[in-house]
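**Q** See protein_34.csv below, with CSV, C-alpha atoms.
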```csv
chain,number,residue,atom,x,y,z
C,1,ARG,CA,-152.1,-1.2,-138.8
C,2,ILE,CA,-152.4,-3.5,-135.8
C,3,SER,CA,-148.7,-4.2,-136.0
C,4,CYS,CA,-147.9,-0.5,-136.0
C,5,PHE,CA,-150.3,0.1,-133.1
C,6,ASP,CA,-148.7,-2.7,-131.1
C,7,GLN,CA,-145.2,-1.4,-131.7
C,8,ARG,CA,-146.1,2.1,-130.6
C,9,SER,CA,-148.1,0.8,-127.6
C,10,ALA,CA,-145.3,-1.6,-126.7
C,11,ALA,CA,-142.7,1.3,-126.7
C,12,LYS,CA,-145.1,3.4,-124.5
C,13,ALA,CA,-145.6,0.4,-122.1
C,14,MET,CA,-141.8,0.1,-121.8
C,15,ALA,CA,-141.4,3.8,-121.0
C,16,THR,CA,-144.2,3.6,-118.5
C,17,ILE,CA,-142.7,0.6,-116.8
C,18,LEU,CA,-139.3,2.3,-116.5
C,19,SER,CA,-140.9,5.5,-115.1
C,20,LEU,CA,-142.8,3.5,-112.5
C,21,GLY,CA,-139.8,1.4,-111.6
C,22,GLY,CA,-139.8,-1.2,-108.7
C,23,ILE,CA,-142.3,-4.0,-109.0
C,24,TYR,CA,-143.4,-3.0,-112.5
C,25,VAL,CA,-139.9,-3.5,-113.8
C,26,LYS,CA,-139.9,-7.0,-112.2
C,27,LEU,CA,-143.3,-7.8,-113.8
C,28,GLY,CA,-142.0,-6.5,-117.2
C,29,GLN,CA,-138.9,-8.8,-116.8
C,30,ILE,CA,-141.2,-11.8,-116.1
C,31,LEU,CA,-143.5,-10.9,-119.0
C,32,SER,CA,-140.6,-10.5,-121.4
C,33,THR,CA,-139.4,-14.1,-120.6
C,34,ILE,CA,-142.7,-16.0,-120.3
C,35,GLY,CA,-145.1,-13.8,-122.2
C,36,THR,CA,-145.0,-15.6,-125.5
C,37,GLY,CA,-148.6,-16.6,-126.4
C,38,ILE,CA,-150.0,-14.3,-123.7
C,39,VAL,CA,-149.2,-10.9,-125.2
C,40,ASN,CA,-148.3,-9.8,-128.7
C,41,ASP,CA,-144.6,-10.3,-129.8
C,42,ALA,CA,-144.1,-6.5,-130.1
C,43,TYR,CA,-144.5,-6.3,-126.3
C,44,ILE,CA,-142.1,-9.2,-125.7
C,45,GLU,CA,-139.5,-7.5,-127.9
C,46,ALA,CA,-140.0,-4.1,-126.3
C,47,LEU,CA,-139.6,-5.5,-122.8
C,48,LYS,CA,-136.5,-7.7,-123.5
C,49,PRO,CA,-134.0,-5.0,-122.5
C,50,LEU,CA,-135.4,-5.3,-119.0
C,51,GLN,CA,-133.7,-8.7,-118.8
C,52,ASP,CA,-130.3,-7.0,-118.9
C,53,GLY,CA,-131.2,-4.4,-116.3
C,54,VAL,CA,-132.5,-0.8,-116.3
C,55,PRO,CA,-130.8,2.5,-117.0
C,56,PRO,CA,-128.5,3.4,-114.1
C,57,ARG,CA,-128.7,6.5,-111.9
C,58,PRO,CA,-126.0,9.1,-112.4
C,59,LEU,CA,-122.9,9.2,-110.1
C,60,SER,CA,-124.2,12.4,-108.5
C,61,ALA,CA,-127.3,10.6,-107.3
C,62,VAL,CA,-125.2,7.6,-106.1
C,63,LYS,CA,-123.0,9.9,-104.1
C,64,GLN,CA,-126.0,11.5,-102.4
C,65,ILE,CA,-127.6,8.2,-101.5
C,66,VAL,CA,-124.3,6.9,-100.0
C,67,GLU,CA,-123.6,10.1,-98.0
C,68,GLU,CA,-127.2,10.2,-96.7
C,69,SER,CA,-127.2,6.5,-95.8
C,70,VAL,CA,-123.7,6.3,-94.3
C,71,GLY,CA,-123.3,9.8,-92.8
C,72,HIS,CA,-119.8,10.5,-94.1
C,73,PRO,CA,-118.5,12.4,-97.2
C,74,PHE,CA,-118.3,10.1,-100.2
C,75,GLU,CA,-114.6,11.0,-100.9
C,76,SER,CA,-113.6,9.9,-97.4
C,77,LEU,CA,-115.0,6.4,-97.9
C,78,PHE,CA,-113.4,5.5,-101.3
C,79,ARG,CA,-110.0,5.8,-102.8
C,80,ASP,CA,-111.5,5.0,-106.2
C,81,PHE,CA,-115.1,4.5,-107.4
C,82,ASP,CA,-116.0,3.4,-110.9
C,83,PRO,CA,-118.8,5.7,-112.1
C,84,GLN,CA,-120.0,3.1,-114.5
C,85,PRO,CA,-122.0,0.4,-112.7
C,86,VAL,CA,-121.3,-3.2,-113.2
C,87,GLY,CA,-125.1,-3.7,-113.1
C,88,ALA,CA,-128.4,-1.8,-112.6
C,89,ALA,CA,-131.7,-3.4,-111.6
C,90,SER,CA,-135.1,-2.3,-110.5
C,91,ILE,CA,-134.1,-1.6,-106.9
C,92,ALA,CA,-130.4,-0.9,-106.9
C,93,GLN,CA,-127.2,-0.7,-108.9
C,94,ALA,CA,-123.7,-2.0,-108.1
C,95,HIS,CA,-120.3,-0.3,-108.6
C,96,ARG,CA,-116.8,-1.5,-108.3
C,97,ALA,CA,-114.7,0.5,-105.9
C,98,THR,CA,-111.6,0.7,-103.7
C,99,LEU,CA,-112.1,1.6,-100.1
C,100,ALA,CA,-109.9,4.2,-98.4
C,101,ASP,CA,-107.8,1.3,-96.9
C,102,GLY,CA,-107.2,-0.2,-100.4
C,103,LYS,CA,-109.7,-3.1,-100.2
C,104,GLU,CA,-111.4,-3.9,-103.5
C,105,VAL,CA,-115.2,-4.0,-103.1
C,106,ILE,CA,-118.5,-4.1,-104.9
C,107,VAL,CA,-120.9,-1.4,-103.6
C,108,LYS,CA,-124.7,-2.0,-103.9
C,109,ILE,CA,-126.7,1.2,-103.7
C,110,GLN,CA,-130.5,1.0,-103.3
C,111,TYR,CA,-132.7,3.7,-104.8
C,112,PRO,CA,-134.2,5.6,-101.8
C,113,GLU,CA,-137.8,5.6,-103.1
C,114,VAL,CA,-138.0,1.9,-103.7
C,115,ALA,CA,-139.3,0.9,-100.2
C,116,MET,CA,-142.2,3.4,-100.4
C,117,LEU,CA,-143.0,2.4,-104.0
C,118,TYR,CA,-143.1,-1.3,-103.1
C,119,GLU,CA,-145.4,-0.6,-100.2
C,120,VAL,CA,-147.9,1.2,-102.5
C,121,ASP,CA,-147.5,-1.4,-105.2
C,122,PHE,CA,-148.1,-4.3,-102.8
C,123,ASP,CA,-151.1,-2.4,-101.3
C,124,ASN,CA,-152.6,-2.3,-104.8
C,125,LEU,CA,-151.6,-5.9,-105.7
C,126,GLU,CA,-153.2,-7.2,-102.4
C,127,LEU,CA,-156.4,-5.2,-103.0
C,128,PHE,CA,-156.6,-6.5,-106.6
C,129,THR,CA,-155.9,-10.1,-105.5
C,130,ARG,CA,-158.5,-9.9,-102.7
C,131,TRP,CA,-161.1,-8.8,-105.2
C,132,PHE,CA,-160.3,-11.1,-108.2
C,133,PHE,CA,-158.2,-13.9,-106.9
C,134,PRO,CA,-158.9,-14.3,-103.1
C,135,GLU,CA,-157.4,-17.8,-103.1
C,136,ASN,CA,-154.0,-16.2,-103.8
C,137,ALA,CA,-154.1,-13.5,-101.0
C,138,ASN,CA,-151.7,-15.5,-98.7
C,139,THR,CA,-149.2,-15.9,-101.5
C,140,ILE,CA,-149.2,-12.2,-102.2
C,141,SER,CA,-148.8,-11.4,-98.5
C,142,ALA,CA,-145.8,-13.8,-98.3
C,143,LEU,CA,-144.3,-12.2,-101.4
C,144,ARG,CA,-144.7,-8.8,-99.8
C,145,ARG,CA,-142.9,-9.9,-96.6
C,146,ARG,CA,-140.0,-11.5,-98.6
C,147,HIS,CA,-139.5,-8.4,-100.8
C,148,LEU,CA,-139.6,-5.9,-98.0
C,149,THR,CA,-137.0,-8.0,-96.1
C,150,GLU,CA,-134.8,-7.9,-99.2
C,151,LEU,CA,-135.0,-4.1,-99.2
C,152,ASP,CA,-132.8,-3.9,-96.1
C,153,PHE,CA,-129.2,-4.6,-97.1
C,154,ARG,CA,-128.3,-5.3,-93.5
C,155,ASN,CA,-130.3,-8.5,-93.8
C,156,GLU,CA,-128.2,-9.5,-96.9
C,157,ALA,CA,-125.0,-8.8,-94.9
C,158,ARG,CA,-126.2,-11.0,-92.1
C,159,HIS,CA,-127.0,-13.8,-94.5
C,160,LEU,CA,-123.5,-13.5,-96.1
C,161,GLN,CA,-121.9,-13.7,-92.7
C,162,GLU,CA,-124.0,-16.7,-91.6
C,163,CYS,CA,-123.3,-18.5,-94.9
C,164,HIS,CA,-119.6,-17.8,-94.5
C,165,ARG,CA,-119.7,-19.3,-90.9
C,166,ASN,CA,-121.6,-22.3,-92.0
C,167,MET,CA,-119.4,-23.1,-95.0
C,168,ALA,CA,-116.2,-22.5,-92.9
C,169,ALA,CA,-117.5,-24.8,-90.1
C,170,ARG,CA,-117.9,-27.6,-92.7
C,171,GLY,CA,-114.5,-27.0,-94.3
C,172,PHE,CA,-115.9,-25.7,-97.6
C,173,GLU,CA,-114.9,-22.1,-97.2
C,174,PRO,CA,-112.4,-20.9,-98.4
C,175,ARG,CA,-111.1,-24.1,-100.1
C,176,HIS,CA,-114.0,-24.9,-102.4
C,177,VAL,CA,-116.2,-21.8,-102.3
C,178,ARG,CA,-115.6,-18.1,-101.4
C,179,ILE,CA,-118.3,-16.0,-99.7
C,180,PRO,CA,-117.7,-12.2,-100.0
C,181,ARG,CA,-116.8,-10.6,-96.6
C,182,ILE,CA,-118.2,-7.3,-95.4
C,183,PRO,CA,-115.0,-5.3,-95.0
C,184,ASP,CA,-116.4,-2.1,-93.5
C,185,ALA,CA,-119.3,-2.0,-91.1
C,186,GLN,CA,-120.1,1.6,-91.8
C,187,LEU,CA,-120.7,0.7,-95.4
C,188,CYS,CA,-123.4,-1.8,-94.4
C,189,THR,CA,-126.7,0.1,-94.1
C,190,GLN,CA,-130.3,-0.3,-95.2
C,191,HIS,CA,-129.5,1.3,-98.6
C,192,VAL,CA,-125.7,0.7,-99.0
C,193,LEU,CA,-123.7,-2.5,-98.9
C,194,ALA,CA,-120.0,-2.9,-99.7
C,195,MET,CA,-118.9,-6.5,-100.2
C,196,GLU,CA,-115.5,-7.9,-100.8
C,197,PHE,CA,-114.7,-8.0,-104.6
C,198,LEU,CA,-114.0,-11.6,-105.7
C,199,ASP,CA,-112.2,-12.0,-109.0
```
Show how you would write the structure in this file as structure tokens.
**A**
Amino acid sequence: RISCFDQRSAAKAMATILSLGGIYVKLGQILSTIGTGIVNDAYIEALKPLQDGVPPRPLSAVKQIVEESVGHPFESLFRDFDPQPVGAASIAQAHRATLADGKEVIVKIQYPEVAMLYEVDFDNLELFTRWFFPENANTISALRRRHLTELDFRNEARHLQECHRNMAARGFEPRHVRIPRIPDAQLCTQHVLAMEFLD
């Protein structure tokens, strides 16, 4: 009976994590990899699919996010856009596409509710930590700053450009490594980032 209860509960836990999204998916991913001995194996098995990603958003939602973020009609930006993402995670999904000028890219699209959900999640996590583990409060605050910085894809674009400059200045790029370029500045916003596709 305990086994049947654990299996049903684990399935419900997985459904709840997916519905909450954001930081809860990340915590589920962590638990699925290091949870052996901490939680029942039924939970580990139920959470394992999170290691491969989460169910993607439909193309209609992706188009809406891109148009609202970029301010141009979706069809004017891309010659081709693969509706099947190459990956989907807790905060975003990525699609292969061809820009209007023919350049091959990977487009990352961040889910619009993620920043607000992360704020609420970290408010709760900080409160919980202050009450029960006050010695870890600074760690949680540092994690919050790091995660909120990652939620602005313009920061990622700046890091890619800086990495390219540093590698090129030392003769590594493009001979030994290739850093993806940002081919179109209008496709570099807080929620959308198009990067050069490297085969």
**Q** When you count all atoms listed in the file, which of these residues is closest to Gly87 (chain C): C:Ala13, C:Ile109, C:Val114, C:Ala46?
**A**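 Result for the nearest residue to Gly87 (chain C): C:Ile109.
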**Q** Between CA of Glu68 (chain C) and CA of Leu187 (chain C), what is the spacing in Å?
**A** 11.6 Å
**Q** Give me, as a ChimeraX atom specification, all polymer residues having an atom no more than 12 Å from Ile44 (chain C), counting only C-alpha atoms and skipping those fewer than 2 positions away in the same chain.
**A** /C:6-7,9-11,13-14,28-42,46-51
**Q** Can you work out the spacing between CA of His159 (chain C) and CA of Ser90 (chain C) in Å, to one decimal?
**A** 21.3 Å
**Q** Counting all atoms listed in the file, figure out which residue out of C:Met195, C:Ile140, C:Val62, C:Leu148 gets nearest to Tyr118 (chain C).
**A**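 Among C:Met195, C:Ile140, C:Val62, C:Leu148, it is C:Leu148 that comes nearest to Tyr118 (chain C).
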**Q** Just how far from CA of Gln190 (chain C) is CA of Arg145 (chain C), in Å to one decimal?
**A**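 CA of Gln190 (chain C) lies 15.9 Å from CA of Arg145 (chain C).
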**Q** Could you tell me which of C:Leu127, C:Ala194, C:Cys188, C:Leu77 comes closest to Asp101 (chain C) if we count all atoms listed in the file?
**A** C:Leu77
